[in-house]
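Source file input_29.tsv; content: TSV, C-alpha atoms.
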```tsv
chain	number	residue	atom	x	y	z
A	1	MET	CA	-21.84	-1.25	5.42
A	2	ARG	CA	-18.26	-0.03	5.91
A	3	ASN	CA	-16.23	0.52	2.75
A	4	VAL	CA	-12.66	-0.77	2.92
A	5	ILE	CA	-10.33	0.21	0.08
A	6	ILE	CA	-7.22	-1.89	-0.48
A	7	THR	CA	-4.74	-0.79	-3.14
A	8	GLY	CA	-2.84	-3.55	-4.87
A	9	GLY	CA	-5.51	-6.04	-3.88
A	10	ASN	CA	-4.80	-8.41	-6.76
A	11	SER	CA	-1.61	-10.00	-5.44
A	12	GLY	CA	0.50	-10.83	-2.42
A	13	LEU	CA	-0.29	-8.90	0.75
A	14	GLY	CA	-3.18	-6.99	-0.77
A	15	PHE	CA	-4.97	-10.13	-1.90
A	16	GLU	CA	-4.50	-11.86	1.47
A	17	THR	CA	-5.77	-8.78	3.29
A	18	ALA	CA	-8.78	-8.41	1.00
A	19	LYS	CA	-9.63	-12.09	1.48
A	20	LYS	CA	-9.53	-11.83	5.28
A	21	VAL	CA	-11.53	-8.58	5.47
A	22	ALA	CA	-14.14	-9.82	2.99
A	23	ALA	CA	-14.80	-12.82	5.23
A	24	HIS	CA	-16.26	-10.51	7.90
A	25	GLU	CA	-19.88	-9.46	7.60
A	26	GLY	CA	-20.61	-5.78	7.28
A	27	TYR	CA	-17.72	-4.79	5.01
A	28	ARG	CA	-17.63	-3.86	1.33
A	29	VAL	CA	-14.10	-4.40	0.07
A	30	VAL	CA	-12.87	-2.44	-2.94
A	31	MET	CA	-9.88	-4.05	-4.61
A	32	ALA	CA	-8.10	-1.09	-6.22
A	33	CYS	CA	-5.75	-2.56	-8.81
A	34	ARG	CA	-3.80	-1.66	-11.92
A	35	ASN	CA	-4.52	-5.08	-13.44
A	36	ALA	CA	-8.31	-5.14	-13.11
A	37	ALA	CA	-8.66	-8.37	-15.15
A	38	LYS	CA	-6.39	-10.28	-12.78
A	39	ALA	CA	-8.18	-8.75	-9.79
A	40	GLU	CA	-11.53	-9.88	-11.15
A	41	THR	CA	-10.26	-13.46	-11.38
A	42	LEU	CA	-9.11	-13.32	-7.77
A	43	ARG	CA	-12.37	-11.71	-6.69
A	44	ARG	CA	-14.23	-14.73	-8.07
A	45	GLU	CA	-11.77	-17.01	-6.28
A	46	ILE	CA	-12.58	-15.35	-2.95
A	47	LEU	CA	-16.30	-15.62	-3.63
A	48	GLU	CA	-15.99	-19.39	-4.05
A	49	THR	CA	-15.20	-19.68	-0.34
A	50	GLU	CA	-16.97	-16.52	0.83
A	51	PRO	CA	-20.12	-16.34	-1.33
A	52	ASP	CA	-21.71	-13.61	0.79
A	53	ALA	CA	-18.69	-11.31	0.62
A	54	ARG	CA	-19.15	-7.79	-0.75
A	55	LEU	CA	-16.24	-7.42	-3.17
A	56	GLU	CA	-15.72	-4.94	-5.96
A	57	VAL	CA	-12.85	-4.31	-8.36
A	58	LEU	CA	-12.01	-0.80	-9.54
A	59	PRO	CA	-9.03	0.07	-11.74
A	60	LEU	CA	-6.33	2.20	-10.13
A	61	ASP	CA	-2.90	2.93	-11.60
A	62	LEU	CA	-0.81	4.82	-9.05
A	63	ARG	CA	1.62	5.81	-11.79
A	64	SER	CA	-1.06	8.13	-13.17
A	65	GLN	CA	-2.61	11.03	-11.26
A	66	ALA	CA	-5.49	11.00	-13.74
A	67	SER	CA	-6.17	7.36	-12.84
A	68	VAL	CA	-6.13	8.20	-9.13
A	69	ARG	CA	-8.67	10.96	-9.67
A	70	SER	CA	-10.87	8.72	-11.82
A	71	PHE	CA	-10.80	6.04	-9.14
A	72	ALA	CA	-11.85	8.52	-6.45
A	73	GLU	CA	-14.77	9.69	-8.61
A	74	ALA	CA	-15.84	6.11	-9.39
A	75	LEU	CA	-16.12	5.31	-5.68
A	76	GLY	CA	-19.12	7.56	-5.34
A	77	GLU	CA	-20.03	9.51	-2.23
A	78	GLU	CA	-20.41	6.66	0.26
A	79	PRO	CA	-18.36	7.12	3.45
A	80	VAL	CA	-14.99	5.40	3.49
A	81	GLY	CA	-14.46	3.29	6.60
A	82	ALA	CA	-10.86	2.29	5.90
A	83	LEU	CA	-8.10	2.87	3.36
A	84	LEU	CA	-5.08	0.59	3.15
A	85	ASN	CA	-2.36	2.05	0.95
A	86	ASN	CA	-0.73	-1.30	0.27
A	87	ALA	CA	0.43	-1.20	-3.37
A	88	GLY	CA	4.14	-0.68	-3.89
A	89	VAL	CA	6.96	-1.15	-6.34
A	90	ILE	CA	10.76	-1.45	-6.38
A	91	SER	CA	11.63	-0.14	-9.84
A	92	ARG	CA	14.64	-1.78	-11.45
A	93	ASP	CA	15.67	1.27	-13.49
A	94	TYR	CA	15.10	5.00	-13.47
A	95	SER	CA	12.01	6.08	-15.41
A	96	LEU	CA	9.43	8.84	-15.38
A	97	THR	CA	5.66	8.55	-15.45
A	98	THR	CA	3.46	10.51	-17.85
A	99	ASP	CA	3.13	13.08	-15.05
A	100	GLY	CA	6.91	13.55	-15.00
A	101	LEU	CA	7.40	11.81	-11.64
A	102	GLU	CA	9.97	9.13	-10.88
A	103	ASN	CA	8.14	5.80	-11.08
A	104	THR	CA	8.96	4.43	-7.61
A	105	PHE	CA	7.95	7.65	-5.87
A	106	SER	CA	4.79	7.89	-7.96
A	107	VAL	CA	3.55	4.44	-6.90
A	108	ASN	CA	4.82	4.42	-3.31
A	109	TYR	CA	4.27	8.03	-2.29
A	110	PHE	CA	2.64	10.50	-4.69
A	111	GLY	CA	-0.18	8.13	-5.68
A	112	PRO	CA	-1.13	7.23	-2.08
A	113	PHE	CA	-0.73	10.89	-1.06
A	114	LEU	CA	-3.17	12.08	-3.74
A	115	LEU	CA	-5.63	9.25	-3.16
A	116	THR	CA	-5.72	9.94	0.58
A	117	ARG	CA	-6.23	13.67	0.06
A	118	LEU	CA	-9.07	13.06	-2.41
A	119	LEU	CA	-10.86	10.73	0.02
A	120	LEU	CA	-10.39	12.72	3.23
A	121	ASP	CA	-13.77	14.43	3.02
A	122	ARG	CA	-15.49	11.05	2.57
A	123	MET	CA	-13.80	9.32	5.50
A	124	ALA	CA	-16.18	8.36	8.26
A	125	PRO	CA	-15.55	9.49	11.84
A	126	ASP	CA	-12.83	7.24	13.31
A	127	ALA	CA	-11.99	5.86	9.85
A	128	ARG	CA	-8.90	3.68	9.65
A	129	LEU	CA	-6.05	4.81	7.40
A	130	VAL	CA	-3.13	2.40	7.14
A	131	ASN	CA	0.02	3.10	5.14
A	132	THR	CA	2.38	0.25	4.31
A	133	VAL	CA	5.98	1.17	5.03
A	134	SER	CA	9.21	-0.81	5.14
A	135	LEU	CA	12.04	-1.71	7.47
A	136	THR	CA	14.32	-0.02	4.90
A	137	CYS	CA	13.05	3.35	6.19
A	138	ARG	CA	15.53	3.20	9.07
A	139	TYR	CA	18.43	3.27	6.62
A	140	ALA	CA	17.14	6.15	4.49
A	141	ARG	CA	17.47	9.92	4.62
A	142	ILE	CA	15.42	12.45	2.70
A	143	ASP	CA	16.06	16.06	1.75
A	144	GLU	CA	14.57	18.64	-0.61
A	145	THR	CA	15.74	16.72	-3.69
A	146	SER	CA	14.50	13.27	-2.64
A	147	LEU	CA	10.93	13.54	-3.94
A	148	GLN	CA	12.04	14.01	-7.53
A	149	PRO	CA	15.34	12.20	-7.99
A	150	GLY	CA	17.22	12.53	-11.21
A	151	ALA	CA	18.82	9.60	-12.98
A	152	GLN	CA	22.08	10.29	-11.15
A	153	ASP	CA	20.32	10.06	-7.77
A	154	PHE	CA	18.48	6.81	-8.48
A	155	SER	CA	19.27	3.44	-6.93
A	156	GLN	CA	16.85	0.53	-6.84
A	157	LEU	CA	16.75	-0.01	-3.06
A	158	GLY	CA	17.75	3.50	-2.01
A	159	THR	CA	14.93	5.18	-3.95
A	160	TYR	CA	12.47	2.60	-2.63
A	161	ALA	CA	13.57	3.26	0.96
A	162	ARG	CA	13.27	7.03	0.54
A	163	SER	CA	9.79	6.70	-0.98
A	164	LYS	CA	8.65	4.64	2.01
A	165	LEU	CA	10.23	7.08	4.47
A	166	SER	CA	8.35	9.90	2.73
A	167	LEU	CA	5.11	7.96	3.20
A	168	LEU	CA	5.94	7.52	6.89
A	169	HIS	CA	6.44	11.27	7.33
A	170	PHE	CA	3.19	11.96	5.48
A	171	SER	CA	1.41	9.58	7.87
A	172	LEU	CA	2.72	11.44	10.91
A	173	GLU	CA	1.65	14.81	9.55
A	174	LEU	CA	-1.75	13.44	8.49
A	175	ALA	CA	-2.34	12.16	12.02
A	176	ARG	CA	-1.36	15.54	13.46
A	177	ARG	CA	-3.75	17.47	11.20
A	178	HIS	CA	-6.64	15.00	11.44
A	179	PRO	CA	-6.77	13.65	15.00
A	180	GLN	CA	-10.17	12.03	14.35
A	181	LEU	CA	-8.59	9.55	11.93
A	182	ARG	CA	-6.96	6.35	13.14
A	183	VAL	CA	-3.74	6.62	11.17
A	184	ASN	CA	-1.39	3.66	11.60
A	185	LEU	CA	1.60	2.11	9.85
A	186	ALA	CA	2.09	-1.49	8.76
A	187	ASP	CA	5.48	-3.07	8.08
A	188	PRO	CA	5.10	-6.56	6.58
A	189	GLY	CA	8.81	-7.34	6.65
A	190	ILE	CA	10.37	-9.38	3.84
A	191	VAL	CA	7.61	-11.33	2.13
A	192	ASN	CA	7.62	-13.93	-0.62
A	193	SER	CA	5.83	-11.81	-3.22
A	194	GLY	CA	6.49	-10.28	-6.60
A	195	ILE	CA	7.88	-7.05	-5.18
A	196	ILE	CA	11.15	-8.68	-4.12
A	197	THR	CA	11.91	-9.73	-7.70
A	198	MET	CA	14.69	-7.27	-8.48
A	199	GLY	CA	15.03	-7.95	-12.20
A	200	ARG	CA	18.70	-8.83	-11.71
A	201	TRP	CA	20.94	-11.78	-12.58
A	202	PHE	CA	20.72	-13.16	-9.03
A	203	ASP	CA	16.91	-13.55	-8.99
A	204	PRO	CA	17.02	-17.30	-9.81
A	205	LEU	CA	19.49	-17.86	-6.96
A	206	ALA	CA	17.32	-15.86	-4.57
A	207	ASP	CA	14.30	-17.94	-5.56
A	208	VAL	CA	16.13	-21.08	-4.41
A	209	LEU	CA	18.19	-19.83	-1.47
A	210	PHE	CA	16.10	-16.98	-0.06
A	211	ARG	CA	12.39	-17.21	-0.85
A	212	PRO	CA	11.73	-20.51	1.00
A	213	PHE	CA	12.83	-18.95	4.29
A	214	ILE	CA	10.93	-15.65	4.32
A	215	LYS	CA	7.34	-14.82	5.24
A	216	SER	CA	4.42	-16.05	3.19
A	217	PRO	CA	1.96	-13.40	1.94
A	218	GLU	CA	-0.52	-14.63	4.54
A	219	GLN	CA	2.02	-14.04	7.33
A	220	GLY	CA	3.02	-10.70	5.84
A	221	ALA	CA	-0.58	-9.50	5.86
A	222	VAL	CA	-0.85	-9.79	9.66
A	223	PRO	CA	0.46	-6.25	10.40
A	224	SER	CA	-1.98	-4.68	7.92
A	225	LEU	CA	-4.92	-6.62	9.34
A	226	SER	CA	-3.92	-5.71	12.89
A	227	ALA	CA	-3.59	-2.04	11.96
A	228	LEU	CA	-7.00	-2.01	10.23
A	229	ALA	CA	-8.65	-3.57	13.27
A	230	SER	CA	-6.88	-1.47	15.88
A	231	PRO	CA	-8.79	1.24	17.80
A	232	GLU	CA	-5.45	2.98	18.43
A	233	ARG	CA	-3.68	5.55	16.31
A	234	LEU	CA	-0.09	6.31	15.41
A	235	ARG	CA	1.09	2.78	16.02
A	236	TYR	CA	3.71	0.91	13.99
A	237	PHE	CA	2.57	-2.65	13.35
A	238	ALA	CA	5.21	-5.23	12.52
A	239	GLY	CA	5.19	-8.99	13.05
A	240	SER	CA	2.38	-9.77	15.47
A	241	GLY	CA	2.71	-6.65	17.62
A	242	SER	CA	2.88	-2.88	17.51
A	243	ARG	CA	4.81	-0.01	19.00
A	244	PRO	CA	4.34	3.78	19.12
```
Just give me the structure as structure tokens.
Amino acid sequence: MRNVIITGGNSGLGFETAKKVAAHEGYRVVMACRNAAKAETLRREILETEPDARLEVLPLDLRSQASVRSFAEALGEEPVGALLNNAGVISRDYSLTTDGLENTFSVNYFGPFLLTRLLLDRMAPDARLVNTVSLTCRYARIDETSLQPGAQDFSQLGTYARSKLSLLHFSLELARRHPQLRVNLADPGIVNSGIITMGRWFDPLADVLFRPFIKSPEQGAVPSLSALASPERLRYFAGSGSRP
């Protein structure tokens, strides 16, 4: 039984990915979610159509390093076959977590970084490790101050892009240091999910003029599913294809 961990498995891309993986025999899917009650409702929804699926919900709040450590301990010592760092956030305003980290970077970079490091020793040979990045990476630059921006450095999309670029660089270094792991990147594109709600005055207009024409969560999950299934490593999955 291969354990597949999917962060943010209670909505959007994470839920669609969990549903598709759970439909395949031989996998135990762990839905790692901040809102465990919502995830449990969706777990039962999946089981209505996939009654033999092995699905488990474990709480994980990527804004808290203590929560990340508790999650890793709760998993037990079973080998990890795959980890999809899918959960992400585009914070509207500048704020710090209880650990003193900027919220966007905590969820999109520091949380996945710590979770991956804690699970490395439990990853099976040829385990899949997929990090969800963003097309905004190509417009971002990072320097020594990027990982801990101050209020004066914060912008909603700019900080998000830099956090995803940091995750991309981490993925490249992880693949270099651990050649036995199948490290890949997934870029879902612009998807009709909660993450694109910016908390701004134009959200109602975007709901009418923009959301109907972008990818559904099911379409957006295709790169993640392709990356999890791929025997390759260091590939960038976007749309229905991949590139080095």
**Request:** Please determine the residues with any atom at most 6 Å from (5.7, 0.9, -5.7) (coordinates as given in the file, with only C-alpha atoms counting) and report them as a list in words.
**Result:** Gly88, Val89, Ile90, Thr104, Val107 and Asn108 of chain A
**Request:** Name the residues, using the chain letters and numbers of the file, that sit within 9 Å of (3.3, 9.0, 4.1) when counting all atoms listed in the file, and give them as a list in words.
**Result:** Asn108, Tyr109, Phe110, Pro112, Phe113, Asn131, Thr132, Val133, Ser163, Lys164, Leu165, Ser166, Leu167, Leu168, His169, Phe170, Ser171, Leu172, Glu173 and Leu174 of chain A
**Prompt:** Near Lys38 of chain A, counting all atoms listed in the file, which residues have an atom at most 12 Å away, once you skip same-chain residues fewer than 6 positions from it, shown as a PyMOL selection string?
**Reply:** chain A and resi 8-11+15+31-32+44-45+57-59
Just write the chosen residues, C-alpha atoms, as a CSV table (one decimal), in the coordinates of the input.
```csv
chain,number,residue,atom,x,y,z
A,8,GLY,CA,-2.8,-3.6,-4.9
A,9,GLY,CA,-5.5,-6.0,-3.9
A,10,ASN,CA,-4.8,-8.4,-6.8
A,11,SER,CA,-1.6,-10.0,-5.4
A,15,PHE,CA,-5.0,-10.1,-1.9
A,31,MET,CA,-9.9,-4.0,-4.6
A,32,ALA,CA,-8.1,-1.1,-6.2
A,44,ARG,CA,-14.2,-14.7,-8.1
A,45,GLU,CA,-11.8,-17.0,-6.3
A,57,VAL,CA,-12.8,-4.3,-8.4
A,58,LEU,CA,-12.0,-0.8,-9.5
A,59,PRO,CA,-9.0,0.1,-11.7
```
**Message:** Measuring between only C-alpha atoms, which one of A:Leu234, A:Ile46, A:Leu135, A:Leu147 shows the shortest distance to Arg176 of chain A?
**Reply:** A:Leu234
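Between atom CA of Leu13 of chain A and atom CA of Asp61 of chain A lies a distance of 17.3 Å.
Among A:Ser216, A:Ser70, A:Gln180, A:Ser91, the residue with the shortest atom-to-atom distance to Leu120 of chain A, counting all atoms listed in the file, is A:Gln180.
Atom CA of Gln156 of chain A to atom CA of Asp93 of chain A spans 6.8 Å [interatomic distance, one decimal].
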Name the residues in contact with Asp52 of chain A at a cut-off of 12 Å, using only C-alpha atoms, excluding same-chain residues fewer than 6 positions from it; report them as a PDB file with C-alpha atoms, in the frame of the given file.
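Result written to selection.pdb:
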```pdb
ATOM      1  CA  ALA A  22     -14.140  -9.820   2.990  1.00  0.00           C
ATOM      2  CA  ALA A  23     -14.800 -12.820   5.230  1.00  0.00           C
ATOM      3  CA  HIS A  24     -16.260 -10.510   7.900  1.00  0.00           C
ATOM      4  CA  GLU A  25     -19.880  -9.460   7.600  1.00  0.00           C
ATOM      5  CA  GLY A  26     -20.610  -5.780   7.280  1.00  0.00           C
ATOM      6  CA  TYR A  27     -17.720  -4.790   5.010  1.00  0.00           C
ATOM      7  CA  ARG A  28     -17.630  -3.860   1.330  1.00  0.00           C
ATOM      8  CA  VAL A  29     -14.100  -4.400   0.070  1.00  0.00           C
ATOM      9  CA  ARG A  44     -14.230 -14.730  -8.070  1.00  0.00           C
ATOM     10  CA  ILE A  46     -12.580 -15.350  -2.950  1.00  0.00           C
TER      11      ILE A  46
END
```
Since the input is missing atoms for segment 95-115 of chain A, could you rebuild it with N, CA and C atoms and give the result as an mmCIF file, in the frame of the given file?
```cif
data_model
loop_
_atom_site.group_PDB
_atom_site.id
_atom_site.type_symbol
_atom_site.label_atom_id
_atom_site.label_comp_id
_atom_site.auth_asym_id
_atom_site.auth_seq_id
_atom_site.Cartn_x
_atom_site.Cartn_y
_atom_site.Cartn_z
ATOM 1 N N SER A 95 12.955 5.715 -14.351
ATOM 2 C CA SER A 95 12.010 6.080 -15.410
ATOM 3 C C SER A 95 11.024 7.091 -14.856
ATOM 4 N N LEU A 96 10.408 7.829 -15.761
ATOM 5 C CA LEU A 96 9.430 8.840 -15.380
ATOM 6 C C LEU A 96 8.044 8.422 -15.839
ATOM 7 N N THR A 97 7.042 8.795 -15.061
ATOM 8 C CA THR A 97 5.660 8.550 -15.450
ATOM 9 C C THR A 97 5.212 9.625 -16.430
ATOM 10 N N THR A 98 3.997 9.483 -16.936
ATOM 11 C CA THR A 98 3.460 10.510 -17.850
ATOM 12 C C THR A 98 3.278 11.845 -17.142
ATOM 13 N N ASP A 99 3.231 11.834 -15.813
ATOM 14 C CA ASP A 99 3.130 13.080 -15.050
ATOM 15 C C ASP A 99 4.494 13.688 -14.761
ATOM 16 N N GLY A 100 5.575 13.033 -15.220
ATOM 17 C CA GLY A 100 6.910 13.550 -15.000
ATOM 18 C C GLY A 100 7.492 13.219 -13.636
ATOM 19 N N LEU A 101 6.915 12.216 -12.957
ATOM 20 C CA LEU A 101 7.400 11.810 -11.640
ATOM 21 C C LEU A 101 8.203 10.522 -11.759
ATOM 22 N N GLU A 102 9.205 10.387 -10.907
ATOM 23 C CA GLU A 102 9.970 9.130 -10.880
ATOM 24 C C GLU A 102 9.016 8.009 -10.504
ATOM 25 N N ASN A 103 9.128 6.863 -11.171
ATOM 26 C CA ASN A 103 8.140 5.800 -11.080
ATOM 27 C C ASN A 103 7.967 5.257 -9.657
ATOM 28 N N THR A 104 9.064 4.980 -8.959
ATOM 29 C CA THR A 104 8.960 4.430 -7.610
ATOM 30 C C THR A 104 8.233 5.381 -6.684
ATOM 31 N N PHE A 105 8.594 6.661 -6.732
ATOM 32 C CA PHE A 105 7.950 7.650 -5.870
ATOM 33 C C PHE A 105 6.486 7.841 -6.253
ATOM 34 N N SER A 106 6.177 7.721 -7.539
ATOM 35 C CA SER A 106 4.790 7.890 -7.960
ATOM 36 C C SER A 106 3.903 6.814 -7.351
ATOM 37 N N VAL A 107 4.354 5.551 -7.407
ATOM 38 C CA VAL A 107 3.550 4.440 -6.900
ATOM 39 C C VAL A 107 3.531 4.392 -5.382
ATOM 40 N N ASN A 108 4.690 4.618 -4.759
ATOM 41 C CA ASN A 108 4.820 4.420 -3.310
ATOM 42 C C ASN A 108 4.467 5.638 -2.481
ATOM 43 N N TYR A 109 4.523 6.818 -3.087
ATOM 44 C CA TYR A 109 4.270 8.030 -2.290
ATOM 45 C C TYR A 109 3.256 8.973 -2.918
ATOM 46 N N PHE A 110 3.532 9.484 -4.121
ATOM 47 C CA PHE A 110 2.640 10.500 -4.690
ATOM 48 C C PHE A 110 1.240 9.960 -4.949
ATOM 49 N N GLY A 111 1.130 8.721 -5.451
ATOM 50 C CA GLY A 111 -0.180 8.130 -5.680
ATOM 51 C C GLY A 111 -0.985 7.978 -4.397
ATOM 52 N N PRO A 112 -0.424 7.333 -3.358
ATOM 53 C CA PRO A 112 -1.130 7.230 -2.080
ATOM 54 C C PRO A 112 -1.435 8.594 -1.455
ATOM 55 N N PHE A 113 -0.516 9.534 -1.585
ATOM 56 C CA PHE A 113 -0.730 10.890 -1.060
ATOM 57 C C PHE A 113 -1.968 11.513 -1.704
ATOM 58 N N LEU A 114 -2.037 11.474 -3.044
ATOM 59 C CA LEU A 114 -3.170 12.080 -3.740
ATOM 60 C C LEU A 114 -4.464 11.348 -3.436
ATOM 61 N N LEU A 115 -4.423 10.024 -3.442
ATOM 62 C CA LEU A 115 -5.630 9.250 -3.160
ATOM 63 C C LEU A 115 -6.168 9.575 -1.770
#
```
